[in-house]
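Novice: Next up, my_file-v8.cif (mmCIF, C-alpha atoms).
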data_upload
loop_
_atom_site.group_PDB
_atom_site.id
_atom_site.type_symbol
_atom_site.label_atom_id
_atom_site.label_comp_id
_atom_site.auth_asym_id
_atom_site.auth_seq_id
_atom_site.Cartn_x
_atom_site.Cartn_y
_atom_site.Cartn_z
ATOM 1 C CA MET A 1 25.475 -5.084 5.734
ATOM 2 C CA THR A 2 25.410 -6.452 9.238
ATOM 3 C CA SER A 3 22.684 -6.206 11.774
ATOM 4 C CA THR A 4 24.561 -3.529 13.674
ATOM 5 C CA ALA A 5 22.554 -1.438 11.243
ATOM 6 C CA VAL A 6 19.315 -2.270 13.019
ATOM 7 C CA HIS A 7 16.061 -0.876 11.730
ATOM 8 C CA SER A 8 14.685 1.670 14.122
ATOM 9 C CA ARG A 9 11.411 -0.170 14.503
ATOM 10 C CA SER A 10 13.297 -2.752 16.550
ATOM 11 C CA LEU A 11 14.426 -0.082 18.994
ATOM 12 C CA ARG A 12 11.487 2.225 19.482
ATOM 13 C CA SER A 13 7.835 2.925 18.815
ATOM 14 C CA ARG A 14 6.623 5.908 16.871
ATOM 15 C CA PRO A 15 6.850 9.194 18.771
ATOM 16 C CA GLY A 16 3.562 10.723 19.853
ATOM 17 C CA LEU A 17 1.748 7.432 20.343
ATOM 18 C CA ALA A 18 2.159 7.076 24.092
ATOM 19 C CA ALA A 19 -1.581 7.301 24.507
ATOM 20 C CA LEU A 20 -1.802 3.880 22.908
ATOM 21 C CA ALA A 21 0.472 2.134 25.411
ATOM 22 C CA LEU A 22 -0.796 -0.316 27.986
ATOM 23 C CA ALA A 23 -0.094 0.359 31.623
ATOM 24 C CA ALA A 24 2.418 -2.250 32.717
ATOM 25 C CA ALA A 25 0.806 -5.081 30.759
ATOM 26 C CA THR A 26 -2.580 -4.926 32.454
ATOM 27 C CA ALA A 27 -5.957 -4.339 30.815
ATOM 28 C CA LEU A 28 -6.363 -3.625 27.129
ATOM 29 C CA LEU A 29 -6.587 -0.028 26.021
ATOM 30 C CA ALA A 30 -10.191 1.075 26.380
ATOM 31 C CA GLY A 31 -11.971 1.874 23.158
ATOM 32 C CA CYS A 32 -9.644 0.159 20.731
ATOM 33 C CA SER A 33 -12.093 -0.799 18.009
ATOM 34 C CA SER A 34 -10.399 -3.976 16.851
ATOM 35 C CA SER A 35 -10.592 -5.598 20.245
ATOM 36 C CA ASP A 36 -13.482 -7.952 20.740
ATOM 37 C CA ASP A 37 -11.749 -9.683 23.624
ATOM 38 C CA THR A 38 -11.279 -7.684 26.817
ATOM 39 C CA SER A 39 -9.263 -10.275 28.709
ATOM 40 C CA ASP A 40 -5.670 -9.743 29.815
ATOM 41 C CA PRO A 41 -3.523 -9.868 26.646
ATOM 42 C CA LEU A 42 -0.656 -11.396 28.612
ATOM 43 C CA ALA A 43 -2.623 -14.324 29.958
ATOM 44 C CA GLU A 44 -0.797 -17.532 29.088
ATOM 45 C CA LYS A 45 -3.590 -19.512 27.533
ATOM 46 C CA THR A 46 -4.200 -20.664 24.011
ATOM 47 C CA ALA A 47 -7.152 -19.551 21.943
ATOM 48 C CA GLU A 48 -10.436 -21.393 21.813
ATOM 49 C CA ASP A 49 -10.306 -24.280 19.384
ATOM 50 C CA GLY A 50 -10.452 -22.952 15.854
ATOM 51 C CA THR A 51 -10.047 -19.286 16.808
ATOM 52 C CA VAL A 52 -7.135 -17.365 15.337
ATOM 53 C CA VAL A 53 -5.825 -14.738 17.766
ATOM 54 C CA VAL A 54 -4.372 -11.705 15.977
ATOM 55 C CA GLY A 55 -2.063 -9.637 18.169
ATOM 56 C CA SER A 56 -0.288 -6.328 17.722
ATOM 57 C CA ASN A 57 2.521 -4.370 19.308
ATOM 58 C CA ASN A 58 1.923 -1.057 21.049
ATOM 59 C CA PHE A 59 2.022 1.427 18.191
ATOM 60 C CA ALA A 60 -0.638 2.572 15.764
ATOM 61 C CA GLU A 61 0.675 0.981 12.585
ATOM 62 C CA SER A 62 0.910 -2.472 14.169
ATOM 63 C CA ILE A 63 -2.706 -2.202 15.332
ATOM 64 C CA LEU A 64 -3.800 -1.158 11.832
ATOM 65 C CA ILE A 65 -1.992 -4.047 10.136
ATOM 66 C CA ALA A 66 -3.391 -6.485 12.697
ATOM 67 C CA ASP A 67 -6.872 -5.271 11.768
ATOM 68 C CA ILE A 68 -6.065 -5.859 8.085
ATOM 69 C CA TYR A 69 -4.905 -9.402 8.856
ATOM 70 C CA GLY A 70 -7.862 -10.182 11.076
ATOM 71 C CA GLU A 71 -10.488 -8.881 8.686
ATOM 72 C CA ALA A 72 -8.857 -10.674 5.744
ATOM 73 C CA LEU A 73 -9.058 -13.914 7.718
ATOM 74 C CA LYS A 74 -12.701 -13.268 8.632
ATOM 75 C CA ALA A 75 -13.493 -12.741 4.948
ATOM 76 C CA LYS A 76 -12.352 -16.346 4.366
ATOM 77 C CA GLY A 77 -14.546 -17.687 7.148
ATOM 78 C CA VAL A 78 -11.840 -17.910 9.811
ATOM 79 C CA LYS A 79 -12.934 -17.251 13.398
ATOM 80 C CA VAL A 80 -10.834 -14.365 14.752
ATOM 81 C CA SER A 81 -10.270 -12.606 18.054
ATOM 82 C CA TYR A 82 -7.929 -9.669 18.690
ATOM 83 C CA LYS A 83 -5.263 -8.953 21.292
ATOM 84 C CA PRO A 84 -4.256 -5.405 20.333
ATOM 85 C CA ASN A 85 -1.599 -3.075 21.674
ATOM 86 C CA ILE A 86 0.185 -5.674 23.782
ATOM 87 C CA GLY A 87 3.673 -4.271 24.043
ATOM 88 C CA SER A 88 7.126 -4.779 22.600
ATOM 89 C CA ARG A 89 8.626 -7.684 20.652
ATOM 90 C CA GLU A 90 10.122 -9.084 23.865
ATOM 91 C CA THR A 91 6.575 -9.732 25.106
ATOM 92 C CA THR A 92 4.755 -10.676 21.914
ATOM 93 C CA TYR A 93 7.373 -13.184 20.773
ATOM 94 C CA GLY A 94 6.882 -15.169 23.980
ATOM 95 C CA LEU A 95 3.106 -15.110 23.547
ATOM 96 C CA LEU A 96 3.469 -16.471 20.028
ATOM 97 C CA LYS A 97 5.695 -19.297 21.220
ATOM 98 C CA ASN A 98 3.154 -20.456 23.788
ATOM 99 C CA GLY A 99 0.222 -20.139 21.377
ATOM 100 C CA SER A 100 -1.511 -17.242 23.121
ATOM 101 C CA ILE A 101 -1.226 -15.339 19.837
ATOM 102 C CA THR A 102 -1.582 -16.946 16.417
ATOM 103 C CA VAL A 103 -0.666 -14.063 14.119
ATOM 104 C CA LEU A 104 1.387 -10.894 14.619
ATOM 105 C CA PRO A 105 2.478 -8.207 12.138
ATOM 106 C CA GLU A 106 6.271 -8.108 12.007
ATOM 107 C CA TYR A 107 9.066 -6.358 10.106
ATOM 108 C CA ASN A 108 11.460 -8.915 8.673
ATOM 109 C CA GLY A 109 14.796 -7.162 9.153
ATOM 110 C CA SER A 110 13.960 -5.974 12.650
ATOM 111 C CA LEU A 111 12.821 -9.447 13.654
ATOM 112 C CA LEU A 112 16.044 -10.979 12.363
ATOM 113 C CA ALA A 113 18.093 -8.416 14.269
ATOM 114 C CA TYR A 114 16.180 -9.421 17.419
ATOM 115 C CA LEU A 115 16.777 -13.120 16.790
ATOM 116 C CA ASP A 116 20.429 -12.720 15.778
ATOM 117 C CA PRO A 117 22.051 -9.289 16.157
ATOM 118 C CA LYS A 118 25.049 -10.432 14.081
ATOM 119 C CA ALA A 119 23.116 -11.749 11.081
ATOM 120 C CA GLU A 120 23.826 -10.129 7.720
ATOM 121 C CA GLN A 121 20.953 -8.549 5.788
ATOM 122 C CA LYS A 122 21.823 -8.492 2.096
ATOM 123 C CA THR A 123 18.469 -9.192 0.412
ATOM 124 C CA ALA A 124 14.879 -9.424 1.605
ATOM 125 C CA GLU A 125 14.744 -13.077 0.568
ATOM 126 C CA ALA A 126 17.903 -13.899 2.507
ATOM 127 C CA VAL A 127 16.609 -11.998 5.543
ATOM 128 C CA ASN A 128 13.419 -14.078 5.551
ATOM 129 C CA ALA A 129 15.245 -17.355 5.056
ATOM 130 C CA THR A 130 17.675 -16.646 7.893
ATOM 131 C CA ALA A 131 14.928 -15.401 10.197
ATOM 132 C CA LYS A 132 12.880 -18.552 9.574
ATOM 133 C CA SER A 133 15.865 -20.705 10.461
ATOM 134 C CA LYS A 134 16.287 -18.914 13.767
ATOM 135 C CA LEU A 135 12.646 -18.830 14.835
ATOM 136 C CA ASP A 136 11.258 -21.123 17.492
ATOM 137 C CA SER A 137 10.236 -24.369 15.783
ATOM 138 C CA LYS A 138 6.549 -23.659 16.470
ATOM 139 C CA LEU A 139 6.672 -20.399 14.500
ATOM 140 C CA THR A 140 7.130 -19.376 10.886
ATOM 141 C CA LEU A 141 7.060 -16.319 8.650
ATOM 142 C CA LEU A 142 4.641 -16.035 5.749
ATOM 143 C CA ASN A 143 5.245 -14.004 2.600
ATOM 144 C CA SER A 144 6.553 -10.464 3.054
ATOM 145 C CA ALA A 145 4.728 -7.472 1.635
ATOM 146 C CA PRO A 146 6.464 -4.862 -0.512
ATOM 147 C CA ALA A 147 5.378 -2.377 2.181
ATOM 148 C CA GLU A 148 8.268 -1.241 4.347
ATOM 149 C CA ASP A 149 8.423 1.015 7.386
ATOM 150 C CA LYS A 150 12.062 1.965 7.797
ATOM 151 C CA ASP A 151 14.433 4.893 8.078
ATOM 152 C CA SER A 152 14.905 7.123 5.058
ATOM 153 C CA VAL A 153 16.514 10.358 4.007
ATOM 154 C CA SER A 154 13.618 12.638 3.177
ATOM 155 C CA ILE A 155 13.740 16.230 1.971
ATOM 156 C CA ASN A 156 11.205 19.006 2.390
ATOM 157 C CA ALA A 157 9.026 20.335 -0.419
ATOM 158 C CA GLU A 158 11.049 23.547 -0.797
ATOM 159 C CA THR A 159 14.291 21.631 -1.307
ATOM 160 C CA ALA A 160 12.666 19.143 -3.673
ATOM 161 C CA LYS A 161 11.361 21.961 -5.844
ATOM 162 C CA LYS A 162 14.674 23.841 -5.797
ATOM 163 C CA TYR A 163 16.659 20.852 -7.007
ATOM 164 C CA SER A 164 13.945 19.133 -9.118
ATOM 165 C CA LEU A 165 13.850 16.030 -6.917
ATOM 166 C CA THR A 166 10.877 13.654 -6.906
ATOM 167 C CA SER A 167 9.830 10.431 -5.207
ATOM 168 C CA GLN A 168 11.681 8.623 -8.009
ATOM 169 C CA SER A 169 14.959 10.341 -7.128
ATOM 170 C CA THR A 170 17.590 8.346 -5.281
ATOM 171 C CA LEU A 171 20.134 9.112 -2.604
ATOM 172 C CA ALA A 172 22.774 9.129 -5.342
ATOM 173 C CA ASP A 173 21.049 12.200 -6.803
ATOM 174 C CA LEU A 174 22.131 14.141 -3.712
ATOM 175 C CA LYS A 175 25.854 13.730 -4.332
ATOM 176 C CA ASP A 176 26.371 17.192 -5.851
ATOM 177 C CA ILE A 177 23.669 18.803 -3.706
ATOM 178 C CA ALA A 178 24.504 17.474 -0.236
ATOM 179 C CA PRO A 179 27.278 20.020 0.480
ATOM 180 C CA GLN A 180 24.585 22.711 0.382
ATOM 181 C CA LEU A 181 22.189 20.901 2.754
ATOM 182 C CA ALA A 182 21.838 20.506 6.502
ATOM 183 C CA ILE A 183 20.618 17.076 7.571
ATOM 184 C CA GLY A 184 18.914 16.182 10.845
ATOM 185 C CA GLY A 185 18.281 13.050 12.873
ATOM 186 C CA SER A 186 18.937 11.412 16.207
ATOM 187 C CA PRO A 187 22.375 11.970 17.748
ATOM 188 C CA GLU A 188 23.188 8.340 16.894
ATOM 189 C CA PHE A 189 22.428 8.955 13.216
ATOM 190 C CA GLN A 190 25.673 10.919 13.017
ATOM 191 C CA THR A 191 27.834 7.930 13.959
ATOM 192 C CA ARG A 192 25.898 4.930 12.581
ATOM 193 C CA GLN A 193 26.477 3.044 9.363
ATOM 194 C CA GLN A 194 22.723 3.423 8.850
ATOM 195 C CA GLY A 195 23.327 7.158 9.034
ATOM 196 C CA LEU A 196 25.969 9.660 7.984
ATOM 197 C CA LEU A 197 28.759 7.078 7.854
ATOM 198 C CA GLY A 198 26.877 4.899 5.388
ATOM 199 C CA LEU A 199 25.564 7.841 3.394
ATOM 200 C CA GLN A 200 29.169 8.849 2.781
ATOM 201 C CA SER A 201 30.686 5.391 2.234
ATOM 202 C CA VAL A 202 27.832 3.953 0.152
ATOM 203 C CA TYR A 203 26.542 7.012 -1.717
ATOM 204 C CA GLY A 204 29.424 9.502 -1.401
ATOM 205 C CA LEU A 205 27.282 12.100 0.382
ATOM 206 C CA LYS A 206 28.942 14.838 2.437
ATOM 207 C CA PHE A 207 26.414 17.214 3.962
ATOM 208 C CA LYS A 208 27.016 20.851 4.875
ATOM 209 C CA SER A 209 26.125 20.170 8.527
ATOM 210 C CA PHE A 210 24.322 17.809 10.884
ATOM 211 C CA LYS A 211 21.728 18.842 13.461
ATOM 212 C CA ALA A 212 21.079 16.470 16.369
ATOM 213 C CA LEU A 213 17.316 16.189 16.889
ATOM 214 C CA ASP A 214 15.274 13.100 17.787
ATOM 215 C CA ALA A 215 14.671 9.679 16.250
ATOM 216 C CA GLY A 216 12.256 10.582 13.473
ATOM 217 C CA GLY A 217 9.998 12.351 15.962
ATOM 218 C CA PRO A 218 8.425 15.794 16.361
ATOM 219 C CA LEU A 219 11.734 17.679 16.590
ATOM 220 C CA THR A 220 12.967 16.189 13.332
ATOM 221 C CA GLN A 221 9.617 16.680 11.624
ATOM 222 C CA ALA A 222 9.410 20.319 12.730
ATOM 223 C CA ALA A 223 12.995 21.104 11.693
ATOM 224 C CA LEU A 224 12.381 19.690 8.226
ATOM 225 C CA THR A 225 9.049 21.507 7.901
ATOM 226 C CA LYS A 226 10.582 24.838 8.945
ATOM 227 C CA ASN A 227 13.628 24.308 6.693
ATOM 228 C CA THR A 228 15.994 24.393 9.678
ATOM 229 C CA VAL A 229 17.309 21.264 7.992
ATOM 230 C CA GLN A 230 16.684 20.413 4.353
ATOM 231 C CA ALA A 231 17.036 16.626 4.745
ATOM 232 C CA ALA A 232 16.266 14.329 7.661
ATOM 233 C CA ASP A 233 15.873 10.753 8.856
ATOM 234 C CA ILE A 234 12.109 10.064 8.591
ATOM 235 C CA PHE A 235 10.201 6.760 8.687
ATOM 236 C CA THR A 236 8.906 5.765 5.254
ATOM 237 C CA THR A 237 5.312 5.452 6.497
ATOM 238 C CA ASP A 238 5.303 8.539 8.720
ATOM 239 C CA PRO A 239 2.057 10.475 8.029
ATOM 240 C CA THR A 240 4.034 13.723 8.206
ATOM 241 C CA ILE A 241 5.327 12.824 4.735
ATOM 242 C CA VAL A 242 1.826 13.287 3.365
ATOM 243 C CA LYS A 243 0.922 16.286 5.527
ATOM 244 C CA GLU A 244 4.066 18.295 4.768
ATOM 245 C CA LYS A 245 4.728 16.946 1.249
ATOM 246 C CA PHE A 246 8.150 15.572 2.147
ATOM 247 C CA VAL A 247 9.921 13.632 -0.592
ATOM 248 C CA VAL A 248 11.375 10.247 0.395
ATOM 249 C CA LEU A 249 14.500 9.484 -1.601
ATOM 250 C CA GLN A 250 14.925 5.951 -2.934
ATOM 251 C CA ASP A 251 17.645 3.750 -1.416
ATOM 252 C CA PRO A 252 18.589 1.321 -4.229
ATOM 253 C CA LYS A 253 21.680 0.056 -2.388
ATOM 254 C CA ASN A 254 19.620 -0.816 0.717
ATOM 255 C CA LEU A 255 21.711 1.188 3.141
ATOM 256 C CA PHE A 256 18.750 1.282 5.506
ATOM 257 C CA GLY A 257 18.233 -2.467 5.396
ATOM 258 C CA PHE A 258 14.913 -4.266 5.188
ATOM 259 C CA ALA A 259 11.696 -3.750 7.098
ATOM 260 C CA ASN A 260 9.051 -5.489 5.015
ATOM 261 C CA VAL A 261 5.721 -6.062 6.728
ATOM 262 C CA THR A 262 5.518 -9.823 7.297
ATOM 263 C CA PRO A 263 3.048 -12.052 9.185
ATOM 264 C CA LEU A 264 4.672 -14.031 11.993
ATOM 265 C CA VAL A 265 2.491 -17.025 12.867
ATOM 266 C CA TYR A 266 2.078 -19.902 15.301
ATOM 267 C CA LYS A 267 2.081 -22.708 12.733
ATOM 268 C CA SER A 268 -0.387 -25.140 14.264
ATOM 269 C CA GLY A 269 -2.947 -22.382 14.867
ATOM 270 C CA LEU A 270 -3.429 -21.311 11.263
ATOM 271 C CA SER A 271 -5.069 -23.325 8.491
ATOM 272 C CA GLN A 272 -3.933 -23.336 4.878
ATOM 273 C CA ASP A 273 -6.887 -21.089 4.057
ATOM 274 C CA GLY A 274 -5.603 -18.673 6.674
ATOM 275 C CA VAL A 275 -2.095 -18.811 5.260
ATOM 276 C CA ALA A 276 -3.461 -18.099 1.776
ATOM 277 C CA ALA A 277 -5.512 -15.147 3.060
ATOM 278 C CA LEU A 278 -2.497 -13.497 4.719
ATOM 279 C CA ASN A 279 -0.237 -14.143 1.740
ATOM 280 C CA ALA A 280 -2.863 -12.471 -0.446
ATOM 281 C CA VAL A 281 -2.689 -9.403 1.813
ATOM 282 C CA SER A 282 1.100 -9.322 1.516
ATOM 283 C CA ALA A 283 0.861 -9.489 -2.265
ATOM 284 C CA LYS A 284 -1.212 -6.274 -2.345
ATOM 285 C CA LEU A 285 0.161 -4.194 0.539
ATOM 286 C CA ASP A 286 2.751 -1.661 -0.607
ATOM 287 C CA THR A 287 4.419 1.264 1.165
ATOM 288 C CA LYS A 288 2.238 3.877 -0.548
ATOM 289 C CA SER A 289 -0.958 2.162 0.587
ATOM 290 C CA LEU A 290 0.337 1.726 4.134
ATOM 291 C CA LEU A 291 1.368 5.386 4.311
ATOM 292 C CA GLU A 292 -2.070 6.467 3.120
ATOM 293 C CA MET A 293 -3.764 4.287 5.743
ATOM 294 C CA ASP A 294 -1.434 5.460 8.514
ATOM 295 C CA SER A 295 -2.308 9.033 7.556
ATOM 296 C CA GLN A 296 -6.026 8.326 7.789
ATOM 297 C CA VAL A 297 -5.625 6.820 11.246
ATOM 298 C CA GLN A 298 -3.058 9.196 12.724
ATOM 299 C CA LEU A 299 -3.914 12.502 11.016
ATOM 300 C CA GLU A 300 -7.625 12.153 10.342
ATOM 301 C CA ASN A 301 -8.384 10.104 13.473
ATOM 302 C CA LYS A 302 -10.248 7.440 11.530
ATOM 303 C CA ASP A 303 -10.975 4.106 13.178
ATOM 304 C CA PRO A 304 -8.214 1.664 12.144
ATOM 305 C CA LEU A 305 -10.748 -1.133 11.730
ATOM 306 C CA ASP A 306 -12.760 0.978 9.271
ATOM 307 C CA VAL A 307 -9.593 1.915 7.382
ATOM 308 C CA ALA A 308 -8.524 -1.734 7.228
ATOM 309 C CA GLN A 309 -11.897 -2.873 5.913
ATOM 310 C CA ALA A 310 -11.977 -0.142 3.264
ATOM 311 C CA TRP A 311 -8.501 -1.074 2.006
ATOM 312 C CA LEU A 312 -9.338 -4.780 1.876
ATOM 313 C CA LYS A 313 -12.434 -3.982 -0.175
ATOM 314 C CA SER A 314 -10.436 -1.792 -2.572
ATOM 315 C CA ALA A 315 -7.833 -4.563 -2.923
ATOM 316 C CA GLY A 316 -10.478 -7.203 -3.628
ATOM 317 C CA LEU A 317 -9.717 -9.120 -0.453
ATOM 318 C CA SER A 318 -12.946 -8.768 1.505
#
Any chance you could put this one into structure tokens?
Specialist:
Amino acid sequence: MTSTAVHSRSLRSRPGLAALALAAATALLAGCSSSDDTSDPLAEKTAEDGTVVVGSNNFAESILIADIYGEALKAKGVKVSYKPNIGSRETTYGLLKNGSITVLPEYNGSLLAYLDPKAEQKTAEAVNATAKSKLDSKLTLLNSAPAEDKDSVSINAETAKKYSLTSQSTLADLKDIAPQLAIGGSPEFQTRQQGLLGLQSVYGLKFKSFKALDAGGPLTQAALTKNTVQAADIFTTDPTIVKEKFVVLQDPKNLFGFANVTPLVYKSGLSQDGVAALNAVSAKLDTKSLLEMDSQVQLENKDPLDVAQAWLKSAGLS
């Protein structure tokens, strides 16, 4: 699989989160609980000596994971400040290189596609090794978590019940069913290898029809909920999965690539204790837990810092 099959996280933020965006890289978003530093997040200056600066991109999940990282570091006695909601990878990568940020939540396959659009992505381990080799020499990746936020084929509850499909079912289980199903996604999903082309060539799936909607956003979610389509391209940590009881089908052949949550760090700014703390987070953070936390933040409007602290306590990391 080549990086032409780029994980969607590298191309867009979650729909419906525009309220979290910064206005043209100026002041930090007012009221973001994890921010205890109200200075310009784009200022090119390194942190105070001994302070680890945890940054995040401008979507809710990145802010949540940054809070998890920061609070895990604090629990080990590390001095932490936050630079939340900064912007896209194009901005945050530069801030990491100059030491303005020490730690940033990343997604391994998406990062590799940014660093080298032609790089192959065959296994998570190979993705990390290649990404490390292409990073700026001042940066490194720590251990990846099992948690992934990537594209998936998900089906609605009605379809799952009709065909006895569960969260343990795989895309291969759709082979005899697909001709009876309409599938929805972005217009590009119809012509991408990480879309209908790959679903047919890798899993032998031929769907009854395709409906062009949006990229995992409200149109796709609504169509799947209303049974306008029975299957759709949905992010694996989209809170709609919980709300509407969608069933995410397993992808054992990794058609949709890799998007493991992985700390990207400025090497000289993080102690070995800090490295150990973040690796401990990665060891415990799985997709189910991340989905549950995303749901609390985005559906129940809970403070991401509170959600992060509660999860760390439950995982024995606080």
Novice: What does the PyMOL selection byres ((chain A and resi 84-88) around 6) select in this file, as an MDAnalysis selection string?
Specialist: chainID A and resid 55:58 82:83 89:91
Novice: As an exercise, work out the distance from CA of Thr191 (chain A) to CA of Thr287 (chain A) in Å and give it to one decimal place.
Specialist: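 Here the two named atoms are 27.5 Å from each other.
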Novice: So that I can check the surroundings of region 241-256 of chain A, please list as a PyMOL selection string every protein, DNA and RNA residue that reaches within 8 Å of it, counting all atoms listed in the file and ignoring chain neighbours fewer than 3 positions away.
Specialist: chain A and resi 1+5+7+150-157+160+165-171+194+198-199+202+225+236-238+291-292+295
Novice: Would you mind reading off the distance between CA of Ala223 (chain A) and CA of Gly184 (chain A), one decimal, in Å?
Specialist: 7.7 Å
Novice: Name the residues that the PyMOL selection byres ((chain A and resi 220) around 9) pulls out of this structure, and write them as a count of residues only.
Specialist: 20
Novice: Measuring between all atoms listed in the file, which one of A:Ser314, A:Gln200, A:Gln298, A:Ser271 shows the shortest distance to Leu73 (chain A)?
Specialist: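 Looking at the shortest contact to Leu73 (chain A), the residue is A:Ser271.
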Novice: Just checking: using only C-alpha atoms, which residue out of A:Pro146, A:Pro179, A:Gly50, A:Gly77 ends up closest to Val261 (chain A)?
Specialist: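 Smallest separation from Val261 (chain A) among the options: A:Pro146.
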